[in-house]
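Novice: I am sharing my_file-v1.cif, which consists of mmCIF, C-alpha atoms and all ligand atoms:
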```cif
data_target
#
loop_
_atom_site.label_atom_id
_atom_site.label_comp_id
_atom_site.auth_asym_id
_atom_site.auth_seq_id
_atom_site.Cartn_x
_atom_site.Cartn_y
_atom_site.Cartn_z
CA MET A 8 -5.04 4.56 -3.51
CA ILE A 9 -5.22 6.13 -0.03
CA GLU A 10 -6.17 9.72 0.40
CA ILE A 11 -6.58 11.57 3.68
CA ARG A 12 -8.28 14.96 3.49
CA GLN A 13 -8.34 17.66 6.16
CA LEU A 14 -8.11 15.11 8.96
CA SER A 15 -8.24 16.38 12.53
CA GLN A 16 -8.06 14.37 15.72
CA ARG A 17 -7.99 15.19 19.41
CA TYR A 18 -7.42 13.39 22.67
CA GLY A 19 -9.87 15.03 25.07
CA GLY A 20 -9.13 18.74 24.93
CA SER A 21 -5.80 18.56 23.13
CA ARG A 22 -5.76 18.59 19.39
CA ILE A 23 -3.17 16.20 17.94
CA LEU A 24 -3.73 16.24 14.16
CA TRP A 25 -4.43 19.46 12.26
CA ASP A 26 -6.02 19.40 8.78
CA VAL A 27 -3.79 16.59 7.55
CA ASP A 28 -3.79 16.05 3.79
CA LEU A 29 -1.95 12.96 2.60
CA LYS A 30 -1.83 10.84 -0.54
CA ILE A 31 -0.39 7.36 -0.77
CA GLU A 32 0.13 6.16 -4.34
CA GLN A 33 -0.54 2.57 -5.29
CA GLY A 34 2.67 0.53 -5.35
CA SER A 35 4.68 3.06 -3.36
CA CYS A 36 6.60 2.52 -0.15
CA THR A 37 5.81 5.69 1.77
CA CYS A 38 7.67 6.54 4.97
CA ILE A 39 5.89 8.79 7.45
CA MET A 40 8.64 10.55 9.35
CA GLY A 41 9.02 13.10 12.10
CA ARG A 42 10.29 13.51 15.62
CA ASN A 43 8.74 11.84 18.68
CA GLY A 44 5.22 12.95 19.50
CA VAL A 45 4.36 14.72 16.22
CA GLY A 46 1.34 12.44 15.67
CA LYS A 47 2.59 9.63 13.40
CA THR A 48 1.05 6.77 15.41
CA THR A 49 -2.18 8.73 15.86
CA LEU A 50 -2.37 9.22 12.08
CA LEU A 51 -1.92 5.49 11.42
CA LYS A 52 -4.58 4.63 14.00
CA CYS A 53 -7.00 7.02 12.28
CA LEU A 54 -6.20 5.37 8.95
CA MET A 55 -6.86 1.92 10.42
CA GLY A 56 -10.09 2.90 12.23
CA LEU A 57 -8.60 2.33 15.67
CA LEU A 58 -9.28 5.93 16.73
CA PRO A 59 -12.28 8.08 15.84
CA ILE A 60 -11.56 11.26 13.91
CA ALA A 61 -12.93 14.70 14.74
CA ALA A 62 -13.14 15.86 11.13
CA GLY A 63 -11.99 14.98 7.65
CA GLU A 64 -12.09 12.08 5.21
CA VAL A 65 -10.16 8.86 4.69
CA LEU A 66 -10.50 7.36 1.21
CA LEU A 67 -9.42 3.93 0.02
CA ASP A 68 -9.54 3.56 -3.77
CA GLY A 69 -11.85 6.57 -3.89
CA LYS A 70 -14.31 5.22 -1.30
CA ALA A 71 -14.81 7.12 1.98
CA ILE A 72 -14.02 4.73 4.84
CA GLN A 73 -13.78 7.04 7.87
CA HIS A 74 -16.97 5.52 9.31
CA VAL A 75 -16.01 1.92 8.48
CA ALA A 76 -15.09 -0.25 11.50
CA ALA A 77 -11.48 -1.39 11.92
CA HIS A 78 -12.21 -5.09 11.26
CA GLN A 79 -13.98 -4.15 8.03
CA ARG A 80 -11.03 -2.01 6.94
CA ALA A 81 -8.88 -5.11 7.41
CA ARG A 82 -11.27 -7.00 5.09
CA MET A 83 -10.99 -4.16 2.58
CA GLY A 84 -7.25 -4.77 2.35
CA LEU A 85 -5.57 -2.67 5.04
CA GLY A 86 -3.08 -4.84 6.95
CA PHE A 87 -1.62 -3.38 10.16
CA VAL A 88 1.54 -4.04 12.16
CA PRO A 89 1.12 -1.95 15.32
CA GLN A 90 3.82 -0.29 17.34
CA GLY A 91 4.85 -2.71 20.08
CA ARG A 92 3.68 -5.65 17.91
CA ASP A 93 0.68 -6.73 20.04
CA ILE A 94 1.47 -10.42 19.81
CA PHE A 95 -0.84 -12.67 21.85
CA SER A 96 1.78 -14.02 24.23
CA THR A 97 -0.15 -17.09 25.45
CA LEU A 98 -1.16 -18.20 21.95
CA THR A 99 1.23 -20.18 19.74
CA VAL A 100 2.87 -18.72 16.65
CA GLU A 101 0.41 -20.74 14.54
CA GLU A 102 -2.58 -19.41 16.48
CA ASN A 103 -1.30 -15.83 16.21
CA LEU A 104 -1.05 -16.25 12.43
CA GLN A 105 -4.49 -17.86 12.17
CA ILE A 106 -6.02 -14.70 13.66
CA GLY A 107 -5.48 -13.01 10.29
CA LEU A 108 -7.36 -15.65 8.27
CA PRO A 109 -10.97 -14.44 8.77
CA CYS A 110 -9.97 -11.08 7.24
CA ARG A 111 -9.13 -12.66 3.87
CA ARG A 112 -11.38 -11.76 0.99
CA ASP A 113 -10.77 -15.09 -0.82
CA GLY A 114 -12.00 -17.38 1.99
CA VAL A 115 -8.66 -19.27 2.25
CA LYS A 116 -8.57 -20.95 5.67
CA LYS A 117 -4.95 -22.13 5.79
CA ILE A 118 -1.86 -20.06 6.56
CA PRO A 119 -0.20 -19.54 3.14
CA GLU A 120 3.23 -21.19 2.72
CA ARG A 121 4.51 -17.85 1.47
CA ILE A 122 4.51 -16.53 5.02
CA PHE A 123 7.00 -19.23 6.02
CA GLU A 124 9.11 -18.62 2.91
CA LEU A 125 9.40 -14.96 3.91
CA PHE A 126 9.99 -15.72 7.59
CA PRO A 127 11.41 -19.28 7.96
CA VAL A 128 11.78 -18.75 11.71
CA LEU A 129 8.00 -18.79 12.05
CA ALA A 130 7.86 -22.35 10.67
CA GLU A 131 10.57 -23.43 13.10
CA MET A 132 8.71 -21.84 16.02
CA LEU A 133 5.17 -22.76 14.91
CA HIS A 134 4.14 -24.40 18.19
CA ARG A 135 5.99 -22.06 20.57
CA ARG A 136 4.06 -19.47 22.53
CA GLY A 137 4.25 -15.96 21.12
CA GLY A 138 5.53 -14.65 24.44
CA ASP A 139 8.55 -16.97 24.25
CA LEU A 140 9.86 -15.41 21.02
CA SER A 141 12.57 -12.74 20.93
CA GLY A 142 11.58 -9.17 20.06
CA GLY A 143 12.78 -9.58 16.49
CA GLN A 144 10.93 -12.88 16.05
CA GLN A 145 7.77 -11.29 17.46
CA GLN A 146 8.10 -8.50 14.92
CA GLN A 147 8.38 -11.04 12.12
CA LEU A 148 5.29 -12.76 13.54
CA ALA A 149 3.39 -9.45 13.63
CA ILE A 150 4.27 -8.79 9.97
CA GLY A 151 3.38 -12.41 9.10
CA ARG A 152 0.01 -12.05 10.84
CA ALA A 153 -0.75 -8.89 8.83
CA LEU A 154 0.29 -10.64 5.59
CA VAL A 155 -2.01 -13.59 6.34
CA THR A 156 -4.92 -11.19 5.74
CA ASP A 157 -3.66 -10.83 2.12
CA PRO A 158 -3.59 -7.02 2.29
CA LYS A 159 -3.51 -4.52 -0.58
CA VAL A 160 -1.68 -2.09 1.72
CA LEU A 161 0.70 -3.05 4.51
CA VAL A 162 0.83 -0.40 7.24
CA LEU A 163 3.70 -0.69 9.75
CA ASP A 164 4.35 1.44 12.83
CA GLU A 165 8.06 1.53 13.68
CA PRO A 166 8.75 -2.13 12.90
CA ASN A 167 12.41 -1.76 13.88
CA GLU A 168 12.00 -0.25 17.32
CA GLY A 169 14.23 -2.12 19.77
CA ILE A 170 15.26 -4.81 17.28
CA GLN A 171 18.73 -6.14 16.65
CA PRO A 172 20.43 -4.97 13.41
CA ASN A 173 20.49 -8.30 11.54
CA ILE A 174 16.70 -8.71 11.97
CA VAL A 175 16.17 -5.06 10.96
CA SER A 176 18.04 -5.84 7.77
CA GLN A 177 15.93 -8.98 7.13
CA ILE A 178 12.71 -7.05 7.73
CA GLY A 179 13.94 -4.40 5.26
CA ASP A 180 14.59 -7.10 2.66
CA VAL A 181 11.08 -8.52 3.09
CA ILE A 182 9.44 -5.08 2.85
CA MET A 183 11.39 -4.29 -0.34
CA LYS A 184 10.57 -7.69 -1.86
CA LEU A 185 6.82 -7.33 -1.15
CA ASN A 186 6.83 -3.76 -2.44
CA ALA A 187 8.64 -4.82 -5.63
CA GLU A 188 5.87 -7.40 -6.13
CA GLY A 189 3.29 -4.61 -6.04
CA LEU A 190 2.22 -4.40 -2.40
CA THR A 191 1.71 -0.80 -1.29
CA VAL A 192 3.57 -0.07 1.96
CA VAL A 193 3.04 2.71 4.50
CA LEU A 194 5.69 2.85 7.17
CA VAL A 195 6.25 5.02 10.21
CA GLU A 196 10.03 5.06 10.55
CA GLN A 197 12.42 7.05 12.70
CA LYS A 198 15.60 5.47 11.38
CA LEU A 199 16.74 7.64 8.49
CA GLY A 200 19.02 5.01 6.95
CA PHE A 201 16.25 2.41 6.90
CA ALA A 202 13.71 4.86 5.48
CA LYS A 203 16.10 5.85 2.68
CA ARG A 204 16.86 2.20 1.94
CA VAL A 205 13.28 0.91 1.63
CA GLY A 206 11.19 4.03 0.96
CA SER A 207 10.23 5.48 -2.42
CA GLU A 208 8.30 8.43 -0.91
CA PHE A 209 8.35 10.38 2.31
CA ARG A 210 5.83 12.44 4.26
CA LEU A 211 7.29 14.62 7.00
CA MET A 212 5.24 15.57 10.05
CA GLU A 213 5.71 18.39 12.52
CA LYS A 214 3.30 19.22 15.38
CA GLY A 215 0.34 17.29 14.00
CA ARG A 216 0.67 18.51 10.42
CA VAL A 217 2.23 17.14 7.24
CA VAL A 218 4.85 19.75 6.34
CA ALA A 219 6.68 18.13 3.41
CA SER A 220 5.89 15.40 0.86
CA ASP A 221 8.11 14.18 -1.95
CA SER A 222 9.90 11.19 -3.43
CA MET A 223 12.66 9.86 -1.16
CA ALA A 224 15.29 11.42 -3.45
CA GLY A 225 13.85 14.81 -2.48
CA LEU A 226 14.56 14.36 1.23
CA SER A 227 17.14 17.12 1.49
CA ASP A 228 19.68 17.73 4.25
CA GLU A 229 17.79 20.94 4.99
CA LEU A 230 14.49 19.04 5.59
CA ILE A 231 16.34 16.50 7.74
CA ARG A 232 17.94 19.27 9.79
CA ARG A 233 14.69 21.16 10.22
CA HIS A 234 12.28 18.29 10.94
CA LEU A 235 14.22 15.19 11.93
CA ALA A 236 17.47 16.08 13.68
CA VAL A 237 17.28 16.03 17.46
N1 LIG B 301 -4.12 8.04 24.40
C1 LIG B 301 -3.65 9.28 24.43
N2 LIG B 301 -4.19 10.23 25.23
C2 LIG B 301 -3.71 11.49 25.24
N3 LIG B 301 -2.68 11.93 24.50
C3 LIG B 301 -2.08 11.03 23.69
C4 LIG B 301 -2.51 9.66 23.63
N4 LIG B 301 -1.72 9.02 22.73
C5 LIG B 301 -0.84 9.92 22.28
N5 LIG B 301 -1.03 11.12 22.83
C6 LIG B 301 -0.28 12.38 22.56
O1 LIG B 301 -0.48 12.69 21.21
C7 LIG B 301 0.71 13.22 20.63
C8 LIG B 301 1.07 12.43 19.39
O2 LIG B 301 1.41 11.09 19.77
P1 LIG B 301 1.78 9.97 18.71
O3 LIG B 301 2.02 8.71 19.47
O4 LIG B 301 0.75 9.95 17.64
O5 LIG B 301 3.14 10.55 18.12
P2 LIG B 301 4.29 9.82 17.32
O6 LIG B 301 4.75 10.80 16.31
O7 LIG B 301 3.83 8.50 16.84
O8 LIG B 301 5.39 9.66 18.44
P3 LIG B 301 6.41 8.46 18.73
O9 LIG B 301 7.42 8.54 17.67
O10 LIG B 301 6.95 8.84 20.09
O11 LIG B 301 5.63 7.18 18.73
C9 LIG B 301 1.76 13.19 21.72
O12 LIG B 301 1.82 14.47 22.29
C10 LIG B 301 1.21 12.19 22.71
O13 LIG B 301 1.64 12.51 24.01
#
```
Rewrite the structure of this file - the entire thing - as structure tokens.
Specialist:
Amino acid sequence: MIEIRQLSQRYGGSRILWDVDLKIEQGSCTCIMGRNGVGKTTLLKCLMGLLPIAAGEVLLDGKAIQHVAAHQRARMGLGFVPQGRDIFSTLTVEENLQIGLPCRRDGVKKIPERIFELFPVLAEMLHRRGGDLSGGQQQQLAIGRALVTDPKVLVLDEPNEGIQPNIVSQIGDVIMKLNAEGLTVVLVEQKLGFAKRVGSEFRLMEKGRVVASDSMAGLSDELIRRHLAV
């Protein structure tokens, strides 16, 4: 479904991603893991078209999209929940959700009820300003906003960073439910327990390269010790 081939990326003079090869299978929940600074966020931004790439290919359903603009990738079915959430703090919850509507391929102009079934708190807070929500509520709003686009793939960058445990657990439930319904999920995740709970696949990064790829059951103690332990 998604294939990244020989992708390289640099910030100015420093090279961040080195010949990254990565496959994401349709219907999987793939966790991209690795220590701080190995290039996980940079890789997601390259996938989403938010950063230019120096070399390589990004394919969605066999079609090369590395030159396609970010807003068009959203229309093609890539939904993104960025690190830090990027909620519009002066807009209401409803307005934040409506931002996703123009990306829909089916022309639906109303926020689907499903979003409020998944995250009831968003219905309760509909007319509050985004900036007035707690961190956990903002994260639910960011996921809701991505789901409003009706994505084929939901891409999340550390959705649990700085969030209280009961909301982390709710977010995990929602991700697993959506994945069980067929939504492909790509997730940058540092929390090992969460990754093991929701993920079906892992991709391990070290110094700008993917160094191990397998089903989650194959994430051995040795790989954890070598590439994840701090
Ligand atoms: N805008 C930028 N300009 C220059 N260097 C950057 C920029 N953004 C990130 N970097 C550097 O690129 C490298 C990879 O960063 P990236 O954020 O992709 O890693 P990460 O694995 O997502 O880390 P974290 O888990 O801390 O978010 C780091 O060395 C970082 O300092």
Novice: Taking (3.2, -6.0, 19.0) in the coordinates of the supplied file, I want to know which residues reach to within 12 Å of it, counting only C-alpha atoms; could you give the answer as a PyMOL selection string?
Specialist: chain A and resi 87-96+103+137-138+140-153+163-169
Novice: In Å to one decimal, how far is CA of Leu29 (chain A) from CA of Gly63 (chain A)?
Specialist: 11.4 Å
Novice: Return the single residue from A:Val75, A:Leu194, A:Met132, A:Ile31 that is closest to ligand LIG 301 (chain B), with distances computed using all atoms listed in the file.
Specialist: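 Smallest distance to ligand LIG 301 (chain B) is found for A:Leu194.
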Novice: Can you tell me, as a ChimeraX atom specification, which residues sit within 12 Å of (-10.3, -9.3, 7.5) in the file's frame, using only C-alpha atoms?
Specialist: /A:76-87,105-116,152-159
Novice: Take the residues just selected and output them with C-alpha atoms as a PDB file, keeping the file's coordinate frame.
Specialist:
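Resulting contents of again_2.pdb:
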```
ATOM      1  CA  ALA A  76     -15.090  -0.250  11.500  1.00  0.00           C
ATOM      2  CA  ALA A  77     -11.480  -1.390  11.920  1.00  0.00           C
ATOM      3  CA  HIS A  78     -12.210  -5.090  11.260  1.00  0.00           C
ATOM      4  CA  GLN A  79     -13.980  -4.150   8.030  1.00  0.00           C
ATOM      5  CA  ARG A  80     -11.030  -2.010   6.940  1.00  0.00           C
ATOM      6  CA  ALA A  81      -8.880  -5.110   7.410  1.00  0.00           C
ATOM      7  CA  ARG A  82     -11.270  -7.000   5.090  1.00  0.00           C
ATOM      8  CA  MET A  83     -10.990  -4.160   2.580  1.00  0.00           C
ATOM      9  CA  GLY A  84      -7.250  -4.770   2.350  1.00  0.00           C
ATOM     10  CA  LEU A  85      -5.570  -2.670   5.040  1.00  0.00           C
ATOM     11  CA  GLY A  86      -3.080  -4.840   6.950  1.00  0.00           C
ATOM     12  CA  PHE A  87      -1.620  -3.380  10.160  1.00  0.00           C
ATOM     13  CA  GLN A 105      -4.490 -17.860  12.170  1.00  0.00           C
ATOM     14  CA  ILE A 106      -6.020 -14.700  13.660  1.00  0.00           C
ATOM     15  CA  GLY A 107      -5.480 -13.010  10.290  1.00  0.00           C
ATOM     16  CA  LEU A 108      -7.360 -15.650   8.270  1.00  0.00           C
ATOM     17  CA  PRO A 109     -10.970 -14.440   8.770  1.00  0.00           C
ATOM     18  CA  CYS A 110      -9.970 -11.080   7.240  1.00  0.00           C
ATOM     19  CA  ARG A 111      -9.130 -12.660   3.870  1.00  0.00           C
ATOM     20  CA  ARG A 112     -11.380 -11.760   0.990  1.00  0.00           C
ATOM     21  CA  ASP A 113     -10.770 -15.090  -0.820  1.00  0.00           C
ATOM     22  CA  GLY A 114     -12.000 -17.380   1.990  1.00  0.00           C
ATOM     23  CA  VAL A 115      -8.660 -19.270   2.250  1.00  0.00           C
ATOM     24  CA  LYS A 116      -8.570 -20.950   5.670  1.00  0.00           C
ATOM     25  CA  ARG A 152       0.010 -12.050  10.840  1.00  0.00           C
ATOM     26  CA  ALA A 153      -0.750  -8.890   8.830  1.00  0.00           C
ATOM     27  CA  LEU A 154       0.290 -10.640   5.590  1.00  0.00           C
ATOM     28  CA  VAL A 155      -2.010 -13.590   6.340  1.00  0.00           C
ATOM     29  CA  THR A 156      -4.920 -11.190   5.740  1.00  0.00           C
ATOM     30  CA  ASP A 157      -3.660 -10.830   2.120  1.00  0.00           C
ATOM     31  CA  PRO A 158      -3.590  -7.020   2.290  1.00  0.00           C
ATOM     32  CA  LYS A 159      -3.510  -4.520  -0.580  1.00  0.00           C
TER      33      LYS A 159
END
```
Novice: What does the structure give for the distance between CA of Gly179 (chain A) and CA of Val205 (chain A), in Å to one decimal?
Specialist: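 According to the coordinates, CA of Gly179 (chain A) and CA of Val205 (chain A) are separated by 6.5 Å.
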Novice: With ligand LIG 301 (chain B) as the partner and 8 Å as the cut-off, tabulate the residues of chain A that qualify, each row holding the nearest pair of atoms and their distance in Å to one decimal, using all atoms listed in the file, sorted by chain and rising number, as a Markdown table.
Specialist:
```
| residue | atom | partner | partner_atom | distance |
| --- | --- | --- | --- | --- |
| A:Tyr18 | CA | B:LIG301 | C2 | 4.9 |
| A:Gly19 | CA | B:LIG301 | C2 | 7.1 |
| A:Ser21 | CA | B:LIG301 | N3 | 7.5 |
| A:Ile23 | CA | B:LIG301 | O1 | 5.5 |
| A:Met40 | CA | B:LIG301 | O6 | 8.0 |
| A:Gly41 | CA | B:LIG301 | O6 | 6.4 |
| A:Arg42 | CA | B:LIG301 | O9 | 6.1 |
| A:Asn43 | CA | B:LIG301 | O9 | 3.7 |
| A:Gly44 | CA | B:LIG301 | O8 | 3.5 |
| A:Val45 | CA | B:LIG301 | O6 | 3.9 |
| A:Gly46 | CA | B:LIG301 | O4 | 3.2 |
| A:Lys47 | CA | B:LIG301 | O6 | 3.8 |
| A:Thr48 | CA | B:LIG301 | O7 | 3.6 |
| A:Thr49 | CA | B:LIG301 | O4 | 3.6 |
| A:Leu50 | CA | B:LIG301 | O4 | 6.4 |
| A:Gln90 | CA | B:LIG301 | O11 | 7.8 |
| A:Glu165 | CA | B:LIG301 | O11 | 8.0 |
| A:Val195 | CA | B:LIG301 | O7 | 7.9 |
| A:Gln197 | CA | B:LIG301 | O9 | 7.2 |
| A:Met212 | CA | B:LIG301 | O6 | 7.9 |
| A:Gly215 | CA | B:LIG301 | C8 | 7.3 |
```
Novice: What lies within 12 Å of Gly189 (chain A) using all atoms listed in the file, ignoring chain neighbours under 5 positions off, as a list in words?
Specialist: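 Near neighbours after the sequence-gap exclusion: Glu32, Gln33, Gly34, Ser35, Cys36, Pro158, Lys159, Val160, Leu161, Ile182, Met183 and Lys184 of chain A.
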Novice: Find the spatial neighbours of His74 (chain A), counting all atoms listed in the file, within a cut-off of 10 Å - ignore same-chain residues fewer than 5 positions away - and output them as a list of chain:residue names.
Specialist: A:Gly56, A:Pro59, A:Ile60, A:Glu64, A:Val65, A:Arg80
Novice: Could you tell me which of A:Met223, A:Leu54, A:Val217, A:Cys38 comes closest to Lys198 (chain A) if we count only C-alpha atoms?
Specialist: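 Once distances to Lys198 (chain A) are computed over only C-alpha atoms, the minimum belongs to A:Cys38.
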Novice: Provide the CA of Lys203 (chain A) to CA of Ile11 (chain A) distance in Å, to one decimal place.
Specialist: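 Separation between CA of Lys203 (chain A) and CA of Ile11 (chain A): 23.4 Å.
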